[in-house]
$ cat start20.pdb   # PDB, C-alpha atoms
ATOM      1  CA  ARG A   1      58.351 226.997  80.232
ATOM      2  CA  GLY A   2      61.587 226.660  78.342
ATOM      3  CA  ASP A   3      62.821 230.099  79.412
ATOM      4  CA  THR A   4      62.393 229.362  83.196
ATOM      5  CA  PRO A   5      65.750 229.564  85.025
ATOM      6  CA  ASP A   6      67.033 226.300  86.445
ATOM      7  CA  TRP A   7      66.976 227.695  89.988
ATOM      8  CA  LEU A   8      63.223 228.312  89.638
ATOM      9  CA  ALA A   9      62.461 224.861  88.324
ATOM     10  CA  GLU A  10      59.946 222.886  90.336
ATOM     11  CA  SER A  11      61.344 220.421  92.820
ATOM     12  CA  PRO A  12      59.709 217.017  93.168
ATOM     13  CA  GLY A  13      59.855 217.478  96.963
ATOM     14  CA  PRO A  14      60.198 214.742  99.575
ATOM     15  CA  GLY A  15      58.388 211.485  99.037
ATOM     16  CA  SER A  16      55.734 210.085 101.335
ATOM     17  CA  ASP A  17      58.267 207.917 103.176
ATOM     18  CA  GLU A  18      60.478 210.932 103.867
ATOM     19  CA  ARG A  19      57.535 213.008 105.073
ATOM     20  CA  LEU A  20      56.442 210.173 107.358
ATOM     21  CA  GLN A  21      59.956 209.927 108.785
ATOM     22  CA  VAL A  22      59.975 213.664 109.562
ATOM     23  CA  TYR A  23      56.652 213.236 111.358
ATOM     24  CA  ARG A  24      57.983 210.283 113.359
ATOM     25  CA  GLU A  25      61.034 212.262 114.421
ATOM     26  CA  LEU A  26      58.854 215.172 115.553
ATOM     27  CA  VAL A  27      56.669 212.809 117.582
ATOM     28  CA  TRP A  28      59.721 211.140 119.113
ATOM     29  CA  THR A  29      61.249 214.504 120.053
ATOM     30  CA  ALA A  30      58.031 215.727 121.685
ATOM     31  CA  HIS A  31      57.608 212.547 123.713
ATOM     32  CA  ALA A  32      61.257 212.455 124.749
ATOM     33  CA  GLU A  33      61.001 216.072 125.923
ATOM     34  CA  ALA A  34      57.880 215.254 127.952
ATOM     35  CA  LEU A  35      59.732 212.414 129.686
ATOM     36  CA  ARG A  36      62.733 214.660 130.331
ATOM     37  CA  LYS A  37      60.498 217.168 132.130
ATOM     38  CA  ALA A  38      58.620 214.528 134.127
ATOM     39  CA  TYR A  39      61.757 212.672 135.300
ATOM     40  CA  PRO A  40      64.525 215.276 135.749
ATOM     41  CA  VAL A  41      66.299 213.631 138.703
ATOM     42  CA  THR A  42      65.964 210.077 137.408
ATOM     43  CA  ARG A  43      67.419 211.190 134.072
ATOM     44  CA  LYS A  44      70.286 213.038 135.761
ATOM     45  CA  LEU A  45      71.267 210.133 137.997
ATOM     46  CA  LEU A  46      70.867 207.538 135.273
ATOM     47  CA  GLY A  47      73.150 209.515 132.965
ATOM     48  CA  GLY A  48      72.566 210.893 129.502
ATOM     49  CA  ASP A  49      73.761 207.889 127.491
ATOM     50  CA  ALA A  50      71.857 205.397 129.629
ATOM     51  CA  TRP A  51      68.734 207.572 129.495
ATOM     52  CA  GLY A  52      68.893 207.627 125.709
ATOM     53  CA  SER A  53      69.353 203.862 125.612
ATOM     54  CA  LEU A  54      66.373 203.385 127.928
ATOM     55  CA  LEU A  55      64.134 205.494 125.680
ATOM     56  CA  GLU A  56      65.302 203.605 122.607
ATOM     57  CA  THR A  57      64.365 200.364 124.384
ATOM     58  CA  GLY A  58      60.866 201.626 125.085
ATOM     59  CA  CYS A  59      60.277 203.538 121.855
ATOM     60  CA  SER A  60      57.256 201.356 121.024
ATOM     61  CA  LEU A  61      55.571 202.821 124.113
ATOM     62  CA  LEU A  62      55.322 206.127 122.276
ATOM     63  CA  LEU A  63      52.126 204.716 120.780
ATOM     64  CA  THR A  64      50.251 205.660 123.921
ATOM     65  CA  GLY A  65      46.683 206.859 123.779
ATOM     66  CA  GLU A  66      47.522 209.833 126.003
ATOM     67  CA  ARG A  67      47.232 213.024 123.967
ATOM     68  CA  ASP A  68      48.240 215.417 126.738
ATOM     69  CA  LEU A  69      52.026 215.211 126.949
ATOM     70  CA  ASN A  70      51.918 216.777 130.418
ATOM     71  CA  ARG A  71      50.296 213.528 131.563
ATOM     72  CA  TYR A  72      52.493 211.254 129.495
ATOM     73  CA  GLY A  73      55.069 208.890 130.953
ATOM     74  CA  ASP A  74      53.384 206.596 133.479
ATOM     75  CA  PHE A  75      55.036 203.580 131.863
ATOM     76  CA  LEU A  76      58.613 204.634 132.605
ATOM     77  CA  PRO A  77      59.038 203.154 136.136
ATOM     78  CA  GLY A  78      57.922 199.758 134.818
ATOM     79  CA  LEU A  79      60.189 200.081 131.788
ATOM     80  CA  LEU A  80      63.097 200.957 134.058
ATOM     81  CA  ALA A  81      62.390 197.997 136.358
ATOM     82  CA  GLY A  82      62.799 195.534 133.488
ATOM     83  CA  TRP A  83      65.654 197.299 131.732
ATOM     84  CA  HIS A  84      68.906 195.384 131.306
ATOM     85  CA  GLY A  85      71.060 198.452 131.976
ATOM     86  CA  LEU A  86      69.927 199.082 135.550
ATOM     87  CA  GLU A  87      72.868 197.073 136.934
ATOM     88  CA  GLY A  88      72.177 197.035 140.649
ATOM     89  CA  ARG A  89      70.615 200.496 140.826
ATOM     90  CA  ALA A  90      67.161 199.287 141.825
ATOM     91  CA  TRP A  91      66.593 202.465 143.820
ATOM     92  CA  LEU A  92      66.160 204.310 140.511
ATOM     93  CA  VAL A  93      62.844 202.504 140.025
ATOM     94  CA  ALA A  94      61.529 203.909 143.321
ATOM     95  CA  LEU A  95      62.813 207.353 142.354
ATOM     96  CA  ALA A  96      61.055 207.213 138.976
ATOM     97  CA  GLU A  97      57.809 206.108 140.644
ATOM     98  CA  LEU A  98      58.088 209.030 143.051
ATOM     99  CA  GLU A  99      58.773 211.546 140.281
ATOM    100  CA  TRP A 100      55.782 210.321 138.289
ATOM    101  CA  ARG A 101      53.482 210.673 141.288
ATOM    102  CA  LEU A 102      54.790 214.195 141.841
ATOM    103  CA  GLN A 103      54.116 215.038 138.200
ATOM    104  CA  ARG A 104      50.571 213.701 138.510
ATOM    105  CA  ALA A 105      49.987 215.638 141.742
ATOM    106  CA  ARG A 106      51.205 218.901 140.228
ATOM    107  CA  LEU A 107      48.727 218.632 137.359
ATOM    108  CA  ALA A 108      45.714 217.268 139.248
ATOM    109  CA  ALA A 109      42.535 219.327 139.270
ATOM    110  CA  ASN A 110      42.078 221.660 142.208
ATOM    111  CA  ASP A 111      40.027 220.300 145.103
ATOM    112  CA  PRO A 112      37.151 222.151 146.729
ATOM    113  CA  ALA A 113      38.108 223.749 150.042
ATOM    114  CA  PHE A 114      37.237 221.711 153.129
ATOM    115  CA  ASP A 115      34.544 223.351 155.251
ATOM    116  CA  TRP A 116      36.344 223.313 158.592
ATOM    117  CA  GLU A 117      33.809 225.657 160.198
ATOM    118  CA  GLY A 118      30.961 223.389 159.169
ATOM    119  CA  PHE A 119      32.867 220.362 160.421
ATOM    120  CA  LEU A 120      33.535 221.951 163.823
ATOM    121  CA  ALA A 121      29.907 223.045 164.087
ATOM    122  CA  LEU A 122      28.739 219.422 163.944
ATOM    123  CA  PRO A 123      27.910 217.656 167.214
ATOM    124  CA  GLU A 124      30.899 215.638 168.360
ATOM    125  CA  ALA A 125      29.094 212.364 167.724
ATOM    126  CA  GLU A 126      28.432 213.425 164.120
ATOM    127  CA  ARG A 127      32.032 214.428 163.430
ATOM    128  CA  GLY A 128      33.213 210.871 163.945
ATOM    129  CA  ARG A 129      30.998 209.667 161.111
ATOM    130  CA  VAL A 130      32.428 212.094 158.560
ATOM    131  CA  ARG A 131      34.213 210.447 155.653
ATOM    132  CA  LEU A 132      37.057 212.299 153.965
ATOM    133  CA  VAL A 133      37.308 212.250 150.170
ATOM    134  CA  PRO A 134      40.963 211.887 149.108
ATOM    135  CA  SER A 135      42.393 214.585 146.864
ATOM    136  CA  ALA A 136      43.238 213.677 143.294
ATOM    137  CA  ALA A 137      46.672 215.135 144.069
ATOM    138  CA  LEU A 138      47.249 212.713 146.963
ATOM    139  CA  SER A 139      48.892 209.335 146.623
ATOM    140  CA  VAL A 140      50.760 206.973 148.908
ATOM    141  CA  PHE A 141      53.107 204.134 148.079
ATOM    142  CA  ALA A 142      55.559 201.852 149.806
ATOM    143  CA  ALA A 143      59.111 202.046 148.479
ATOM    144  CA  ASP A 144      62.100 199.832 149.127
ATOM    145  CA  TYR A 145      64.386 202.870 149.282
ATOM    146  CA  PRO A 146      63.941 206.318 150.924
ATOM    147  CA  VAL A 147      64.688 208.148 147.686
ATOM    148  CA  HIS A 148      62.860 211.399 148.463
ATOM    149  CA  GLY A 149      66.062 213.028 149.717
ATOM    150  CA  LEU A 150      67.526 212.743 146.210
ATOM    151  CA  LEU A 151      64.933 215.185 144.898
ATOM    152  CA  GLU A 152      66.541 218.031 146.847
ATOM    153  CA  ASP A 153      70.115 216.824 146.540
ATOM    154  CA  PRO A 154      70.821 214.486 143.612
ATOM    155  CA  GLU A 155      74.472 214.404 144.715
ATOM    156  CA  ALA A 156      73.587 212.859 148.086
ATOM    157  CA  PRO A 157      74.789 209.313 148.812
ATOM    158  CA  VAL A 158      72.576 206.583 147.387
ATOM    159  CA  PRO A 159      70.138 205.562 150.133
ATOM    160  CA  ALA A 160      70.431 202.126 151.657
ATOM    161  CA  SER A 161      67.542 199.736 151.191
ATOM    162  CA  ARG A 162      64.813 200.421 153.748
ATOM    163  CA  ARG A 163      61.080 200.052 153.415
ATOM    164  CA  CYS A 164      59.324 203.383 153.747
ATOM    165  CA  VAL A 165      55.882 204.802 153.041
ATOM    166  CA  LEU A 166      55.918 207.990 150.976
ATOM    167  CA  CYS A 167      52.975 210.367 150.723
ATOM    168  CA  VAL A 168      52.832 212.674 147.704
ATOM    169  CA  HIS A 169      50.646 215.743 148.119
ATOM    170  CA  ARG A 170      49.890 219.150 146.620
ATOM    171  CA  GLU A 171      51.777 222.078 148.133
ATOM    172  CA  GLY A 172      50.548 224.901 145.933
ATOM    173  CA  ARG A 173      49.721 225.808 142.367
ATOM    174  CA  PHE A 174      51.655 223.358 140.181
ATOM    175  CA  ARG A 175      53.784 222.388 143.181
ATOM    176  CA  ALA A 176      53.854 219.054 144.978
ATOM    177  CA  GLY A 177      55.840 217.618 147.855
ATOM    178  CA  VAL A 178      56.555 214.321 149.516
ATOM    179  CA  THR A 179      56.472 213.275 153.179
ATOM    180  CA  GLU A 180      57.664 210.030 154.701
ATOM    181  CA  LEU A 181      54.967 208.632 156.977
ATOM    182  CA  ASP A 182      55.504 206.748 160.190
ATOM    183  CA  GLU A 183      53.325 203.744 160.874
ATOM    184  CA  ALA A 184      50.772 205.732 162.898
ATOM    185  CA  GLY A 185      50.446 208.379 160.196
ATOM    186  CA  TRP A 186      50.130 205.708 157.547
ATOM    187  CA  ARG A 187      47.332 203.920 159.413
ATOM    188  CA  ILE A 188      45.364 207.170 159.785
ATOM    189  CA  LEU A 189      45.758 208.084 156.125
ATOM    190  CA  GLU A 190      45.044 204.543 154.973
ATOM    191  CA  ARG A 191      41.675 204.625 156.723
ATOM    192  CA  ALA A 192      40.843 207.941 155.074
ATOM    193  CA  LEU A 193      41.868 206.635 151.634
ATOM    194  CA  GLU A 194      39.620 203.624 152.155
ATOM    195  CA  GLY A 195      36.688 205.935 152.941
ATOM    196  CA  GLN A 196      36.333 204.866 156.559
ATOM    197  CA  PRO A 197      34.872 207.337 159.085
ATOM    198  CA  VAL A 198      37.448 209.435 160.898
ATOM    199  CA  ASP A 199      36.672 207.861 164.288
ATOM    200  CA  THR A 200      37.484 204.274 163.218
TER     201      THR A 200
END

$ encode --input "start20.pdb" --output "structure tokens"
Amino acid sequence: RGDTPDWLAESPGPGSDERLQVYRELVWTAHAEALRKAYPVTRKLLGGDAWGSLLETGCSLLLTGERDLNRYGDFLPGLLAGWHGLEGRAWLVALAELEWRLQRARLAANDPAFDWEGFLALPEAERGRVRLVPSAALSVFAADYPVHGLLEDPEAPVPASRRCVLCVHREGRFRAGVTELDEAGWRILERALEGQPVDT
């Protein structure tokens, strides 16, 4: 109406392009925050500016089909491996891989308790034919650097290149840990992961 004050006049509001841009920025912020939580040590050691540059490089990967942001970010170790700004810090790739496996282990579904009493009650000949089912929270991978020490002390010296086998495992509710395996331990676990009987 003609007597409506100017400050009450209707505003045309943002256009569709502006609204879409706001949505994109919200999506970007949510995904960037999810990556920050999943890779705290990698982000710290890479440095804030480099971390931002890395995410800008991989921004197209935000179009993932993963709807649960707690499980989002599996692509980052691969992105880091091919990133031009790594500049001789190849150990960061192993660190990112380790942090992602820890994130996955923390959020894995709980496993049923192993029936140790039932196992011990079996005749000895039967026990050897038991096959262990690996936990969803368990994973093992070979790394070119022993980076697990950096999780506790990011200020520690950068580890020298050395092949090691790292086992990621659940330690409690939403907690996971990592253990370096020796060759004997790796062979035992490898057989279990392959579903072989415990006596092989």

$ resolve_selection --input "start20.pdb" --expression "the PyMOL selection byres ((chain A and resi 101) around 12)" --output "PyMOL selection string"
chain A and resi 38-39+71-77+94-100+102-108+136-141+148+166-170+175-178

$ atom_distance --input "start20.pdb" --atom1 "atom CA of Ile188 of chain A" --atom2 "atom CA of Ser135 of chain A"
15.2 Å

$ atom_distance --input "start20.pdb" --atom1 "atom CA of Pro159 of chain A" --atom2 "atom CA of Asn70 of chain A"
29.1 Å

$ atom_distance --input "start20.pdb" --atom1 "atom CA of Val158 of chain A" --atom2 "atom CA of Glu33 of chain A"
26.2 Å

$ residues_around --input "start20.pdb" --residues "Leu55 of chain A" --least-positions-apart "5" --cutoff "12 Å" --atoms "all atoms listed in the file" --output "list in words"
Trp28, Thr29, His31, Ala32, Glu33, Ala34, Leu35, Arg36, Arg43, Leu46, Gly48, Asp49, Ala50, Ser60, Leu61, Leu62, Gly73, Phe75, Leu76, Pro77, Leu79, Leu80, Trp83 and Gly85 of chain A

$ residues_around --input "start20.pdb" --residues "Trp116 of chain A" --least-positions-apart "4" --cutoff "12 Å" --atoms "only C-alpha atoms" --output "list of chain:residue names"
A:Pro112, A:Leu120, A:Ala121, A:Leu122, A:Arg127, A:Val130, A:Leu132

$ residues_around --input "start20.pdb" --residues "Trp186 of chain A" --least-positions-apart "3" --cutoff "10 Å" --atoms "all atoms listed in the file" --output "PyMOL selection string"
chain A and resi 140+165-167+180-183+189-192

$ write_last_selection --input "start20.pdb" --atoms "C-alpha atoms" --output "short mmCIF file (atom, residue, chain, number, x, y, z; two decimals), in the coordinates of the input"
data_model
loop_
_atom_site.label_atom_id
_atom_site.label_comp_id
_atom_site.auth_asym_id
_atom_site.auth_seq_id
_atom_site.Cartn_x
_atom_site.Cartn_y
_atom_site.Cartn_z
CA VAL A 140 50.76 206.97 148.91
CA VAL A 165 55.88 204.80 153.04
CA LEU A 166 55.92 207.99 150.98
CA CYS A 167 52.98 210.37 150.72
CA GLU A 180 57.66 210.03 154.70
CA LEU A 181 54.97 208.63 156.98
CA ASP A 182 55.50 206.75 160.19
CA GLU A 183 53.32 203.74 160.87
CA LEU A 189 45.76 208.08 156.12
CA GLU A 190 45.04 204.54 154.97
CA ARG A 191 41.68 204.62 156.72
CA ALA A 192 40.84 207.94 155.07
#

$ axis_aligned_box --input "start20.pdb" --around "segment 46-54 of chain A" --padding-each-side "3 Å" --output "JSON"
{"center_x": 70.1, "center_y": 207.1, "center_z": 130.4, "size_x": 13.4, "size_y": 13.5, "size_z": 15.7}
